[in-house]
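Text of input.pdb, listed as PDB, C-alpha atoms:
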MODEL        1
ATOM      1  CA  MET A   1     -56.730  70.387  38.133
ATOM      2  CA  PHE A   2     -59.063  67.531  38.751
ATOM      3  CA  HIS A   3     -60.449  65.316  36.030
ATOM      4  CA  LYS A   4     -63.628  63.947  37.471
ATOM      5  CA  LYS A   5     -64.654  61.645  34.638
ATOM      6  CA  GLU A   6     -61.254  59.998  34.482
ATOM      7  CA  PHE A   7     -61.156  59.654  38.260
ATOM      8  CA  GLN A   8     -64.564  58.002  38.405
ATOM      9  CA  ALA A   9     -63.702  55.559  35.640
ATOM     10  CA  ALA A  10     -60.391  54.685  37.326
ATOM     11  CA  PHE A  11     -62.065  54.265  40.701
ATOM     12  CA  LYS A  12     -64.607  51.845  39.283
ATOM     13  CA  VAL A  13     -62.055  49.464  37.778
ATOM     14  CA  SER A  14     -59.779  49.741  40.810
ATOM     15  CA  ILE A  15     -62.295  48.338  43.320
ATOM     16  CA  PRO A  16     -61.037  44.732  43.160
ATOM     17  CA  VAL A  17     -57.508  46.019  43.784
ATOM     18  CA  MET A  18     -58.843  47.961  46.777
ATOM     19  CA  MET A  19     -59.873  44.675  48.367
ATOM     20  CA  GLY A  20     -56.647  42.922  47.455
ATOM     21  CA  TYR A  21     -54.163  45.655  48.334
ATOM     22  CA  GLY A  22     -56.113  46.675  51.422
ATOM     23  CA  VAL A  23     -55.899  43.198  52.874
ATOM     24  CA  LEU A  24     -52.346  42.359  51.762
ATOM     25  CA  GLY A  25     -51.077  45.810  52.810
ATOM     26  CA  PHE A  26     -52.728  45.208  56.175
ATOM     27  CA  ALA A  27     -50.937  41.863  56.498
ATOM     28  CA  PHE A  28     -47.652  43.558  55.614
ATOM     29  CA  GLY A  29     -48.101  46.266  58.267
ATOM     30  CA  LEU A  30     -49.030  43.609  60.787
ATOM     31  CA  LEU A  31     -45.971  41.506  59.936
ATOM     32  CA  ILE A  32     -43.594  44.479  60.283
ATOM     33  CA  THR A  33     -44.937  45.456  63.711
ATOM     34  CA  SER A  34     -45.084  41.815  64.876
ATOM     35  CA  LEU A  35     -41.296  41.740  64.407
ATOM     36  CA  ASP A  36     -40.939  44.917  66.469
ATOM     37  CA  TYR A  37     -39.902  47.235  63.649
ATOM     38  CA  ALA A  38     -41.177  50.802  63.882
ATOM     39  CA  TRP A  39     -44.475  51.552  62.120
ATOM     40  CA  TYR A  40     -42.892  54.146  59.835
ATOM     41  CA  ILE A  41     -40.534  51.498  58.405
ATOM     42  CA  ALA A  42     -43.603  49.793  56.950
ATOM     43  CA  LEU A  43     -45.022  53.110  55.748
ATOM     44  CA  LEU A  44     -41.760  54.197  54.056
ATOM     45  CA  MET A  45     -41.545  50.831  52.318
ATOM     46  CA  SER A  46     -45.101  51.014  50.989
ATOM     47  CA  ILE A  47     -44.580  54.562  49.736
ATOM     48  CA  PHE A  48     -41.131  54.178  48.171
ATOM     49  CA  ILE A  49     -40.597  50.527  47.286
ATOM     50  CA  TYR A  50     -44.248  49.765  46.499
ATOM     51  CA  ALA A  51     -43.762  46.144  45.421
ATOM     52  CA  GLY A  52     -45.672  43.530  47.406
ATOM     53  CA  ALA A  53     -43.510  40.437  47.074
ATOM     54  CA  LEU A  54     -40.278  42.386  47.592
ATOM     55  CA  GLN A  55     -41.592  44.139  50.701
ATOM     56  CA  PHE A  56     -42.620  40.856  52.318
ATOM     57  CA  LEU A  57     -39.288  39.347  51.354
ATOM     58  CA  ALA A  58     -37.428  42.348  52.816
ATOM     59  CA  VAL A  59     -38.493  41.237  56.272
ATOM     60  CA  GLY A  60     -36.285  38.189  55.740
ATOM     61  CA  PHE A  61     -33.405  40.364  54.471
ATOM     62  CA  PHE A  62     -33.598  42.465  57.634
ATOM     63  CA  SER A  63     -33.489  39.580  60.056
ATOM     64  CA  ALA A  64     -30.730  37.815  58.095
ATOM     65  CA  LYS A  65     -28.739  41.096  58.024
ATOM     66  CA  LEU A  66     -28.176  40.588  54.309
ATOM     67  CA  GLY A  67     -25.555  42.863  52.689
ATOM     68  CA  LEU A  68     -26.628  45.765  50.483
ATOM     69  CA  VAL A  69     -25.198  44.312  47.275
ATOM     70  CA  ASP A  70     -27.017  41.030  47.870
ATOM     71  CA  ILE A  71     -30.218  42.926  48.626
ATOM     72  CA  PHE A  72     -29.859  44.965  45.443
ATOM     73  CA  ILE A  73     -29.183  42.009  43.119
ATOM     74  CA  THR A  74     -31.859  39.845  44.707
ATOM     75  CA  SER A  75     -34.406  42.669  44.429
ATOM     76  CA  ILE A  76     -33.639  43.071  40.739
ATOM     77  CA  PHE A  77     -34.241  39.388  40.056
ATOM     78  CA  VAL A  78     -37.310  39.127  42.250
ATOM     79  CA  ASN A  79     -38.900  41.915  40.238
ATOM     80  CA  ILE A  80     -37.433  41.273  36.802
ATOM     81  CA  ARG A  81     -40.894  40.300  35.557
ATOM     82  CA  GLN A  82     -41.798  43.986  35.789
ATOM     83  CA  SER A  83     -39.392  44.791  32.944
ATOM     84  CA  PHE A  84     -41.566  42.583  30.835
ATOM     85  CA  TYR A  85     -44.630  44.620  31.828
ATOM     86  CA  GLY A  86     -42.944  47.847  30.769
ATOM     87  CA  LEU A  87     -42.292  46.404  27.326
ATOM     88  CA  SER A  88     -45.979  45.961  26.723
ATOM     89  CA  VAL A  89     -47.102  49.403  27.903
ATOM     90  CA  LEU A  90     -44.397  51.463  26.160
ATOM     91  CA  LYS A  91     -46.893  52.750  23.620
ATOM     92  CA  LYS A  92     -49.658  53.438  26.126
ATOM     93  CA  PHE A  93     -47.410  55.666  28.235
ATOM     94  CA  LYS A  94     -45.858  57.524  25.321
ATOM     95  CA  LYS A  95     -48.007  60.623  25.545
ATOM     96  CA  SER A  96     -48.268  60.891  29.306
ATOM     97  CA  GLY A  97     -45.768  63.753  29.696
ATOM     98  CA  ARG A  98     -44.757  64.605  33.229
ATOM     99  CA  LEU A  99     -47.049  61.968  34.690
ATOM    100  CA  LYS A 100     -44.924  59.284  33.034
ATOM    101  CA  PRO A 101     -42.296  58.811  35.786
ATOM    102  CA  TYR A 102     -45.037  58.096  38.324
ATOM    103  CA  LEU A 103     -46.869  55.747  35.957
ATOM    104  CA  ILE A 104     -43.628  53.791  35.535
ATOM    105  CA  PHE A 105     -42.915  53.835  39.272
ATOM    106  CA  GLY A 106     -46.392  52.489  40.034
ATOM    107  CA  LEU A 107     -46.393  49.676  37.496
ATOM    108  CA  THR A 108     -47.220  46.795  39.855
ATOM    109  CA  ASP A 109     -48.595  43.411  38.787
ATOM    110  CA  GLU A 110     -52.173  44.468  39.462
ATOM    111  CA  THR A 111     -51.930  47.937  37.916
ATOM    112  CA  TYR A 112     -50.366  46.374  34.841
ATOM    113  CA  ALA A 113     -53.132  43.786  34.675
ATOM    114  CA  LEU A 114     -55.808  46.494  34.816
ATOM    115  CA  LEU A 115     -54.039  48.707  32.278
ATOM    116  CA  THR A 116     -53.763  45.912  29.760
ATOM    117  CA  THR A 117     -57.085  44.145  30.203
ATOM    118  CA  ILE A 118     -59.647  46.893  30.726
ATOM    119  CA  LYS A 119     -61.045  48.354  27.552
ATOM    120  CA  GLU A 120     -60.694  52.103  27.474
ATOM    121  CA  ASP A 121     -63.442  54.620  26.962
ATOM    122  CA  GLU A 122     -62.351  56.771  24.042
ATOM    123  CA  GLN A 123     -63.831  59.906  25.555
ATOM    124  CA  LEU A 124     -61.448  59.777  28.489
ATOM    125  CA  LYS A 125     -58.048  61.439  28.479
ATOM    126  CA  SER A 126     -55.970  58.353  28.899
ATOM    127  CA  LYS A 127     -52.985  59.850  30.732
ATOM    128  CA  TYR A 128     -55.179  61.124  33.566
ATOM    129  CA  TYR A 129     -57.084  57.873  33.653
ATOM    130  CA  TYR A 130     -53.792  55.929  33.976
ATOM    131  CA  PHE A 131     -52.561  58.330  36.619
ATOM    132  CA  TYR A 132     -55.659  58.054  38.796
ATOM    133  CA  LEU A 133     -55.688  54.296  38.445
ATOM    134  CA  THR A 134     -52.037  54.030  39.496
ATOM    135  CA  ALA A 135     -52.405  56.497  42.368
ATOM    136  CA  LEU A 136     -55.611  54.904  43.671
ATOM    137  CA  ASN A 137     -53.971  51.487  43.697
ATOM    138  CA  GLN A 138     -50.993  52.791  45.640
ATOM    139  CA  SER A 139     -53.276  54.614  48.063
ATOM    140  CA  TYR A 140     -54.992  51.283  48.874
ATOM    141  CA  TRP A 141     -51.636  49.637  49.495
ATOM    142  CA  VAL A 142     -50.417  52.456  51.750
ATOM    143  CA  THR A 143     -53.724  52.707  53.627
ATOM    144  CA  GLY A 144     -53.780  48.940  54.225
ATOM    145  CA  THR A 145     -50.210  49.102  55.521
ATOM    146  CA  VAL A 146     -51.016  51.925  57.949
ATOM    147  CA  PHE A 147     -54.075  50.104  59.322
ATOM    148  CA  GLY A 148     -51.975  46.945  59.702
ATOM    149  CA  THR A 149     -49.331  48.742  61.742
ATOM    150  CA  ILE A 150     -51.966  50.425  63.927
ATOM    151  CA  PHE A 151     -53.742  47.122  64.528
ATOM    152  CA  GLY A 152     -50.446  45.337  65.135
ATOM    153  CA  SER A 153     -49.305  47.822  67.759
ATOM    154  CA  MET A 154     -52.642  47.993  69.564
ATOM    155  CA  VAL A 155     -53.800  44.394  69.658
ATOM    156  CA  GLU A 156     -51.737  41.723  71.341
ATOM    157  CA  PHE A 157     -52.008  38.267  69.825
ATOM    158  CA  ASP A 158     -49.830  35.316  68.998
ATOM    159  CA  THR A 159     -48.365  36.010  65.549
ATOM    160  CA  ASN A 160     -46.321  32.815  65.462
ATOM    161  CA  GLY A 161     -46.657  31.415  61.934
ATOM    162  CA  LEU A 162     -47.821  34.704  60.388
ATOM    163  CA  ASP A 163     -44.720  34.753  58.199
ATOM    164  CA  PHE A 164     -46.158  31.802  56.278
ATOM    165  CA  SER A 165     -48.208  34.448  54.416
ATOM    166  CA  LEU A 166     -45.029  35.059  52.446
ATOM    167  CA  THR A 167     -44.635  31.415  51.460
ATOM    168  CA  ALA A 168     -48.325  31.312  50.583
ATOM    169  CA  LEU A 169     -47.954  34.423  48.413
ATOM    170  CA  PHE A 170     -45.170  32.789  46.392
ATOM    171  CA  VAL A 171     -47.093  29.515  46.095
ATOM    172  CA  VAL A 172     -50.019  31.452  44.628
ATOM    173  CA  LEU A 173     -47.777  33.442  42.286
ATOM    174  CA  ALA A 174     -46.065  30.227  41.133
ATOM    175  CA  ILE A 175     -49.435  28.651  40.312
ATOM    176  CA  GLU A 176     -50.393  31.765  38.344
ATOM    177  CA  GLN A 177     -47.094  31.531  36.457
ATOM    178  CA  TYR A 178     -47.804  27.909  35.635
ATOM    179  CA  LYS A 179     -51.249  28.784  34.300
ATOM    180  CA  ALA A 180     -49.647  31.312  31.964
ATOM    181  CA  SER A 181     -46.844  29.100  30.646
ATOM    182  CA  LYS A 182     -48.068  25.496  31.143
ATOM    183  CA  ASN A 183     -44.427  24.466  31.365
ATOM    184  CA  PHE A 184     -42.937  22.586  34.310
ATOM    185  CA  THR A 185     -39.280  23.109  33.368
ATOM    186  CA  PRO A 186     -38.794  26.474  35.143
ATOM    187  CA  PHE A 187     -40.162  25.025  38.390
ATOM    188  CA  VAL A 188     -37.793  22.066  38.184
ATOM    189  CA  ILE A 189     -34.855  24.413  37.517
ATOM    190  CA  GLY A 190     -35.866  26.626  40.445
ATOM    191  CA  ALA A 191     -36.253  23.657  42.788
ATOM    192  CA  ILE A 192     -32.926  22.072  41.856
ATOM    193  CA  ALA A 193     -31.098  25.406  42.134
ATOM    194  CA  SER A 194     -32.632  25.965  45.597
ATOM    195  CA  ILE A 195     -31.793  22.506  46.899
ATOM    196  CA  LEU A 196     -28.226  22.823  45.607
ATOM    197  CA  ALA A 197     -27.942  26.200  47.328
ATOM    198  CA  PHE A 198     -29.251  24.789  50.615
ATOM    199  CA  ILE A 199     -26.642  22.027  50.496
ATOM    200  CA  LEU A 200     -23.663  24.025  49.275
ATOM    201  CA  VAL A 201     -23.815  27.468  50.912
ATOM    202  CA  PRO A 202     -24.919  28.994  54.247
ATOM    203  CA  LEU A 203     -28.483  30.292  54.444
ATOM    204  CA  ASN A 204     -27.392  33.942  54.116
ATOM    205  CA  ASN A 205     -25.991  33.338  50.632
ATOM    206  CA  MET A 206     -28.618  30.835  49.596
ATOM    207  CA  LEU A 207     -30.809  33.210  47.611
ATOM    208  CA  ILE A 208     -28.084  34.759  45.487
ATOM    209  CA  PHE A 209     -26.437  31.365  44.864
ATOM    210  CA  ALA A 210     -29.778  29.861  43.802
ATOM    211  CA  ILE A 211     -30.475  32.787  41.447
ATOM    212  CA  VAL A 212     -27.082  32.526  39.752
ATOM    213  CA  SER A 213     -27.257  28.734  39.362
ATOM    214  CA  ALA A 214     -30.825  29.006  38.045
ATOM    215  CA  ILE A 215     -29.697  31.484  35.387
ATOM    216  CA  ILE A 216     -26.970  29.065  34.308
ATOM    217  CA  GLY A 217     -29.633  26.339  34.280
ATOM    218  CA  MET A 218     -31.887  28.542  32.154
ATOM    219  CA  PHE A 219     -29.336  28.718  29.385
ATOM    220  CA  ILE A 220     -28.554  24.995  29.557
ATOM    221  CA  PHE A 221     -32.264  24.183  29.185
ATOM    222  CA  LYS A 222     -33.120  27.113  26.908
ATOM    223  CA  LYS A 223     -34.872  24.905  24.351
ATOM    224  CA  ARG A 224     -37.158  23.349  26.963
ATOM    225  CA  LEU A 225     -38.022  26.768  28.371
ATOM    226  CA  ASP A 226     -38.808  28.283  24.987
ATOM    227  CA  LYS A 227     -41.277  25.507  24.368
ATOM    228  CA  ASN A 228     -44.932  26.491  24.842
ATOM    229  CA  VAL A 229     -44.082  30.127  25.483
TER     230      VAL A 229
ATOM    231  CA  MET B   1     -30.208  45.734  61.575
ATOM    232  CA  SER B   2     -29.845  49.213  63.039
ATOM    233  CA  GLU B   3     -32.274  51.907  61.956
ATOM    234  CA  TYR B   4     -29.644  53.442  59.673
ATOM    235  CA  GLU B   5     -29.025  50.072  58.002
ATOM    236  CA  LEU B   6     -32.765  49.532  57.601
ATOM    237  CA  LEU B   7     -33.212  52.873  55.862
ATOM    238  CA  LEU B   8     -30.235  52.179  53.616
ATOM    239  CA  ALA B   9     -31.644  48.746  52.728
ATOM    240  CA  ILE B  10     -35.003  50.359  51.903
ATOM    241  CA  ALA B  11     -33.238  52.893  49.648
ATOM    242  CA  PHE B  12     -31.436  50.090  47.793
ATOM    243  CA  MET B  13     -34.661  48.131  47.315
ATOM    244  CA  THR B  14     -36.432  51.282  46.113
ATOM    245  CA  ALA B  15     -33.698  51.824  43.521
ATOM    246  CA  ALA B  16     -33.588  48.186  42.388
ATOM    247  CA  ASN B  17     -37.355  47.997  42.087
ATOM    248  CA  PHE B  18     -37.567  51.215  40.091
ATOM    249  CA  ILE B  19     -34.784  50.023  37.788
ATOM    250  CA  THR B  20     -36.768  46.895  36.887
ATOM    251  CA  ARG B  21     -39.787  49.086  36.102
ATOM    252  CA  VAL B  22     -38.004  51.835  34.161
ATOM    253  CA  PHE B  23     -35.564  49.583  32.264
ATOM    254  CA  PRO B  24     -37.634  48.998  29.095
ATOM    255  CA  PHE B  25     -38.563  52.689  28.894
ATOM    256  CA  LEU B  26     -34.906  53.699  28.949
ATOM    257  CA  PHE B  27     -33.578  51.207  26.455
ATOM    258  CA  PHE B  28     -36.361  49.876  24.290
ATOM    259  CA  ALA B  29     -38.632  52.827  23.648
ATOM    260  CA  LYS B  30     -37.430  52.994  20.043
ATOM    261  CA  LYS B  31     -35.958  49.606  19.223
ATOM    262  CA  GLU B  32     -36.984  46.016  19.875
ATOM    263  CA  PRO B  33     -35.279  44.350  22.851
ATOM    264  CA  PRO B  34     -32.703  41.679  21.976
ATOM    265  CA  LYS B  35     -33.981  38.116  22.157
ATOM    266  CA  ILE B  36     -31.877  37.293  25.176
ATOM    267  CA  ILE B  37     -33.518  40.043  27.286
ATOM    268  CA  ALA B  38     -36.969  38.898  26.245
ATOM    269  CA  PHE B  39     -35.968  35.312  27.085
ATOM    270  CA  VAL B  40     -34.833  36.195  30.616
ATOM    271  CA  ALA B  41     -37.818  38.486  31.322
ATOM    272  CA  ASN B  42     -40.127  35.757  30.028
ATOM    273  CA  SER B  43     -38.681  32.619  31.602
ATOM    274  CA  PHE B  44     -37.262  33.836  34.888
ATOM    275  CA  PRO B  45     -40.463  34.706  36.826
ATOM    276  CA  PRO B  46     -41.624  31.092  37.450
ATOM    277  CA  ILE B  47     -38.058  30.155  38.411
ATOM    278  CA  ILE B  48     -37.715  32.932  40.977
ATOM    279  CA  MET B  49     -41.132  32.142  42.490
ATOM    280  CA  THR B  50     -39.989  28.554  43.047
ATOM    281  CA  ILE B  51     -36.706  29.704  44.584
ATOM    282  CA  LEU B  52     -38.573  32.102  46.881
ATOM    283  CA  ILE B  53     -40.844  29.330  48.142
ATOM    284  CA  PHE B  54     -37.725  27.396  49.153
ATOM    285  CA  TYR B  55     -36.027  30.499  50.530
ATOM    286  CA  THR B  56     -38.926  31.337  52.838
ATOM    287  CA  LEU B  57     -38.677  27.806  54.247
ATOM    288  CA  GLY B  58     -34.934  28.209  54.876
ATOM    289  CA  LYS B  59     -35.196  28.303  58.642
ATOM    290  CA  ILE B  60     -37.104  25.038  58.870
ATOM    291  CA  ASP B  61     -35.013  22.117  60.090
ATOM    292  CA  PHE B  62     -35.978  19.144  57.951
ATOM    293  CA  THR B  63     -33.821  16.756  59.983
ATOM    294  CA  VAL B  64     -35.835  16.915  63.228
ATOM    295  CA  ALA B  65     -39.497  16.052  63.886
ATOM    296  CA  PRO B  66     -41.929  17.027  62.438
ATOM    297  CA  TYR B  67     -39.530  17.230  59.441
ATOM    298  CA  GLY B  68     -41.253  20.166  57.779
ATOM    299  CA  THR B  69     -44.586  18.327  57.510
ATOM    300  CA  LYS B  70     -46.503  21.367  58.819
ATOM    301  CA  GLU B  71     -45.053  23.580  56.103
ATOM    302  CA  LEU B  72     -45.706  20.958  53.453
ATOM    303  CA  LEU B  73     -49.319  20.528  54.599
ATOM    304  CA  ALA B  74     -49.911  24.278  54.618
ATOM    305  CA  ILE B  75     -48.425  24.627  51.131
ATOM    306  CA  ILE B  76     -50.676  21.841  49.829
ATOM    307  CA  ILE B  77     -53.739  23.463  51.415
ATOM    308  CA  THR B  78     -52.802  26.863  49.968
ATOM    309  CA  ALA B  79     -52.262  25.391  46.492
ATOM    310  CA  LEU B  80     -55.511  23.384  46.564
ATOM    311  CA  LEU B  81     -57.483  26.424  47.714
ATOM    312  CA  HIS B  82     -55.972  28.474  44.938
ATOM    313  CA  ILE B  83     -56.698  25.896  42.266
ATOM    314  CA  LYS B  84     -60.258  25.492  43.558
ATOM    315  CA  PHE B  85     -61.283  29.113  44.206
ATOM    316  CA  ASN B  86     -58.760  31.037  42.106
ATOM    317  CA  ASN B  87     -58.847  33.914  44.570
ATOM    318  CA  TYR B  88     -55.451  34.864  45.922
ATOM    319  CA  LEU B  89     -56.795  36.441  49.090
ATOM    320  CA  VAL B  90     -58.698  33.306  50.032
ATOM    321  CA  SER B  91     -55.668  31.106  49.320
ATOM    322  CA  ILE B  92     -53.119  33.251  51.177
ATOM    323  CA  PHE B  93     -55.285  33.941  54.207
ATOM    324  CA  MET B  94     -56.756  30.507  54.681
ATOM    325  CA  GLY B  95     -53.332  28.950  54.100
ATOM    326  CA  THR B  96     -51.687  31.255  56.632
ATOM    327  CA  ILE B  97     -54.404  30.774  59.254
ATOM    328  CA  PHE B  98     -54.174  27.012  58.756
ATOM    329  CA  TYR B  99     -50.409  27.183  59.290
ATOM    330  CA  MET B 100     -50.731  29.426  62.369
ATOM    331  CA  LEU B 101     -53.191  26.975  63.923
ATOM    332  CA  LEU B 102     -50.803  24.118  63.145
ATOM    333  CA  VAL B 103     -47.763  25.740  64.747
ATOM    334  CA  GLN B 104     -49.598  27.244  67.707
ATOM    335  CA  PHE B 105     -51.860  24.400  68.745
ATOM    336  CA  ILE B 106     -50.859  21.112  67.227
ATOM    337  CA  VAL B 107     -47.899  18.958  68.133
ATOM    338  CA  LEU B 108     -46.796  16.551  65.419
ATOM    339  CA  SER B 109     -44.185  14.012  66.318
TER     340      SER B 109
ENDMDL
END

How would this structure read if it were set down as structure tokens?
Amino acid sequence: MFHKKEFQAAFKVSIPVMMGYGVLGFAFGLLITSLDYAWYIALLMSIFIYAGALQFLAVGFFSAKLGLVDIFITSIFVNIRQSFYGLSVLKKFKKSGRLKPYLIFGLTDETYALLTTIKEDEQLKSKYYYFYLTALNQSYWVTGTVFGTIFGSMVEFDTNGLDFSLTALFVVLAIEQYKASKNFTPFVIGAIASILAFILVPLNNMLIFAIVSAIIGMFIFKKRLDKNV
Amino acid sequence: MSEYELLLAIAFMTAANFITRVFPFLFFAKKEPPKIIAFVANSFPPIIMTILIFYTLGKIDFTVAPYGTKELLAIIITALLHIKFNNYLVSIFMGTIFYMLLVQFIVLS
């Protein structure tokens, strides 16, 4: 069963994601091999986790030997924004039948953005269109990752400083968040929680401590956060 | 981490990630989410991005020269590029290359 029209439409809107995921996936594969992890670790992560920021961050979890509970809780909070995405596509996915689990699994930032901003052609069967769009996007991510690992294991070069790509990714995402909310309060809360965590606990527990104190901070400053939302 | 631990960690991240994606479909397909859930889902993302910026800089020693100036410079460059060109690939790649050049070739004291 192949739905050509839906595939072509999905392919067309997915081209910008091809560039983005291809390059970022490549960087991820490169980063994994530069730290001497096996190539299939990167591949498994891109197939099963399929979440850019979390995968980059995982590299830090591995080298810090973070415990599984910490990894689990941190992962939830890193990706909690995705729950918000689901809320706004509940209706769209309602009639997607057995394709639905995959559509939910593949609901990344970019796929969500395409699903909610691109106007749909009424002649297309939307569930197949959504499916092809989601699957194409993941295929770019996985392909980029594989090329990154191949390149990383074949070409020798000084990768010192490559891990800054992770910091840069979060800087960019933070700026995007600011554009959406125009509110400085969350950034101040995040910064104070992080600095407190750096001072009070060892680096291994820093992330979880910062998350918990930031949540407490969120409720203390609830009024300021609700402003301009 | 041993290979077994790595695979286990990947399994936990896979589960956690899927939970964040499937959560609204499980609980709020028929009824509206409570305000507190909407508040956390809405307000937490900028907070966690800020925390993650700090977290990724955790290994930098700010008490010895060059006191984290390279990281700060690279962050400023990345942010300026992003504000100017609004293209996340340009910002991330130019920022990272700038940082790699700084740490590999330039000594700040």

Closest pair table for chain A residues within 7 Å of chain B, all atoms listed in the file, as JSON lines:
{"residue": "A:Gly20", "atom": "CA", "partner": "B:Leu89", "partner_atom": "CA", "distance": 6.7}
{"residue": "A:Met45", "atom": "CA", "partner": "B:Ile10", "partner_atom": "CA", "distance": 6.6}
{"residue": "A:Phe48", "atom": "CA", "partner": "B:Thr14", "partner_atom": "CA", "distance": 5.9}
{"residue": "A:Ile49", "atom": "CA", "partner": "B:Thr14", "partner_atom": "CA", "distance": 4.4}
{"residue": "A:Phe62", "atom": "CA", "partner": "B:Met1", "partner_atom": "CA", "distance": 6.1}
{"residue": "A:Lys65", "atom": "CA", "partner": "B:Met1", "partner_atom": "CA", "distance": 6.0}
{"residue": "A:Leu68", "atom": "CA", "partner": "B:Ala9", "partner_atom": "CA", "distance": 6.3}
{"residue": "A:Ile71", "atom": "CA", "partner": "B:Met13", "partner_atom": "CA", "distance": 7.0}
{"residue": "A:Phe72", "atom": "CA", "partner": "B:Ala16", "partner_atom": "CA", "distance": 5.8}
{"residue": "A:Ser75", "atom": "CA", "partner": "B:Ala16", "partner_atom": "CA", "distance": 5.9}
{"residue": "A:Ile76", "atom": "CA", "partner": "B:Ala16", "partner_atom": "CA", "distance": 5.4}
{"residue": "A:Val78", "atom": "CA", "partner": "B:Ile48", "partner_atom": "CA", "distance": 6.3}
{"residue": "A:Asn79", "atom": "CA", "partner": "B:Thr20", "partner_atom": "CA", "distance": 6.4}
{"residue": "A:Ile80", "atom": "CA", "partner": "B:Thr20", "partner_atom": "CA", "distance": 5.7}
{"residue": "A:Arg81", "atom": "CA", "partner": "B:Ala41", "partner_atom": "CA", "distance": 5.5}
{"residue": "A:Gln82", "atom": "CA", "partner": "B:Arg21", "partner_atom": "CA", "distance": 5.5}
{"residue": "A:Ser83", "atom": "CA", "partner": "B:Thr20", "partner_atom": "CA", "distance": 5.2}
{"residue": "A:Phe84", "atom": "CA", "partner": "B:Ala41", "partner_atom": "CA", "distance": 5.6}
{"residue": "A:Gly86", "atom": "CA", "partner": "B:Pro24", "partner_atom": "CA", "distance": 5.7}
{"residue": "A:Leu87", "atom": "CA", "partner": "B:Pro24", "partner_atom": "CA", "distance": 5.6}
{"residue": "A:Leu90", "atom": "CA", "partner": "B:Ala29", "partner_atom": "CA", "distance": 6.4}
{"residue": "A:Ile104", "atom": "CA", "partner": "B:Arg21", "partner_atom": "CA", "distance": 6.1}
{"residue": "A:Phe105", "atom": "CA", "partner": "B:Phe18", "partner_atom": "CA", "distance": 6.0}
{"residue": "A:Leu107", "atom": "CA", "partner": "B:Arg21", "partner_atom": "CA", "distance": 6.8}
{"residue": "A:Asn160", "atom": "CA", "partner": "B:Met100", "partner_atom": "CA", "distance": 6.4}
{"residue": "A:Gly161", "atom": "CA", "partner": "B:Met100", "partner_atom": "CA", "distance": 4.6}
{"residue": "A:Leu162", "atom": "CA", "partner": "B:Met100", "partner_atom": "CA", "distance": 6.3}
{"residue": "A:Phe164", "atom": "CA", "partner": "B:Thr96", "partner_atom": "CA", "distance": 5.6}
{"residue": "A:Ser165", "atom": "CA", "partner": "B:Thr96", "partner_atom": "CA", "distance": 5.2}
{"residue": "A:Thr167", "atom": "CA", "partner": "B:Ile53", "partner_atom": "CA", "distance": 5.5}
{"residue": "A:Ala168", "atom": "CA", "partner": "B:Ile92", "partner_atom": "CA", "distance": 5.2}
{"residue": "A:Leu169", "atom": "CA", "partner": "B:Ile92", "partner_atom": "CA", "distance": 6.0}
{"residue": "A:Phe170", "atom": "CA", "partner": "B:Met49", "partner_atom": "CA", "distance": 5.7}
{"residue": "A:Val171", "atom": "CA", "partner": "B:Ile53", "partner_atom": "CA", "distance": 6.6}
{"residue": "A:Val172", "atom": "CA", "partner": "B:Tyr88", "partner_atom": "CA", "distance": 6.5}
{"residue": "A:Leu173", "atom": "CA", "partner": "B:Met49", "partner_atom": "CA", "distance": 6.8}
{"residue": "A:Ala174", "atom": "CA", "partner": "B:Met49", "partner_atom": "CA", "distance": 5.5}
{"residue": "A:Gln177", "atom": "CA", "partner": "B:Pro46", "partner_atom": "CA", "distance": 5.6}
{"residue": "A:Pro186", "atom": "CA", "partner": "B:Ile47", "partner_atom": "CA", "distance": 5.0}
{"residue": "A:Phe187", "atom": "CA", "partner": "B:Ile47", "partner_atom": "CA", "distance": 5.5}
{"residue": "A:Ile189", "atom": "CA", "partner": "B:Ile47", "partner_atom": "CA", "distance": 6.6}
{"residue": "A:Gly190", "atom": "CA", "partner": "B:Ile47", "partner_atom": "CA", "distance": 4.6}
{"residue": "A:Ala191", "atom": "CA", "partner": "B:Thr50", "partner_atom": "CA", "distance": 6.2}
{"residue": "A:Ser194", "atom": "CA", "partner": "B:Ile51", "partner_atom": "CA", "distance": 5.6}
{"residue": "A:Leu203", "atom": "CA", "partner": "B:Gly58", "partner_atom": "CA", "distance": 6.8}
{"residue": "A:Leu207", "atom": "CA", "partner": "B:Tyr55", "partner_atom": "CA", "distance": 6.6}
{"residue": "A:Ala210", "atom": "CA", "partner": "B:Ile51", "partner_atom": "CA", "distance": 7.0}
{"residue": "A:Leu225", "atom": "CA", "partner": "B:Ser43", "partner_atom": "CA", "distance": 6.7}

Applying 7 Å and only C-alpha atoms, which residues near Ala197 (chain A) remain after dropping the ones on its own chain fewer than 3 positions away? List them as a count of residues only. 7

One number please: CA of Phe7 (chain A) to CA of Thr143 (chain A), in Å, one decimal.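 Straight-line distance from CA of Phe7 (chain A) to CA of Thr143 (chain A) works out to 18.4 Å.
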
CA of Phe184 (chain A) to CA of Ile215 (chain A), straight-line distance in Å: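 Atom-to-atom, CA of Ile215 (chain A) to CA of Phe184 (chain A), that is 16.0 Å.
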
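Between CA of Phe28 (chain A) and CA of Phe56 (chain A) the separation is 6.6 Å.
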
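Nearest residue to Ile106 (chain B) among B:Asp61, B:Pro66, B:Lys35, B:Lys84 is B:Pro66, counting all atoms listed in the file.
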
Any chance you could resolve the PyMOL selection byres ((chain A and resi 47) around 10) against this file and give the residues as an NGL selection string? (:A and (42-46 or 48-51 or 138-139 or 141-142 or 145)) or (:B and (14))

Shell of 8 Å around region 117-132 of chain A, all atoms listed in the file, local chain residues under 5 positions omitted, as a ChimeraX atom specification: /A:3,5-7,9-11,13,93,95-96,99,102-103
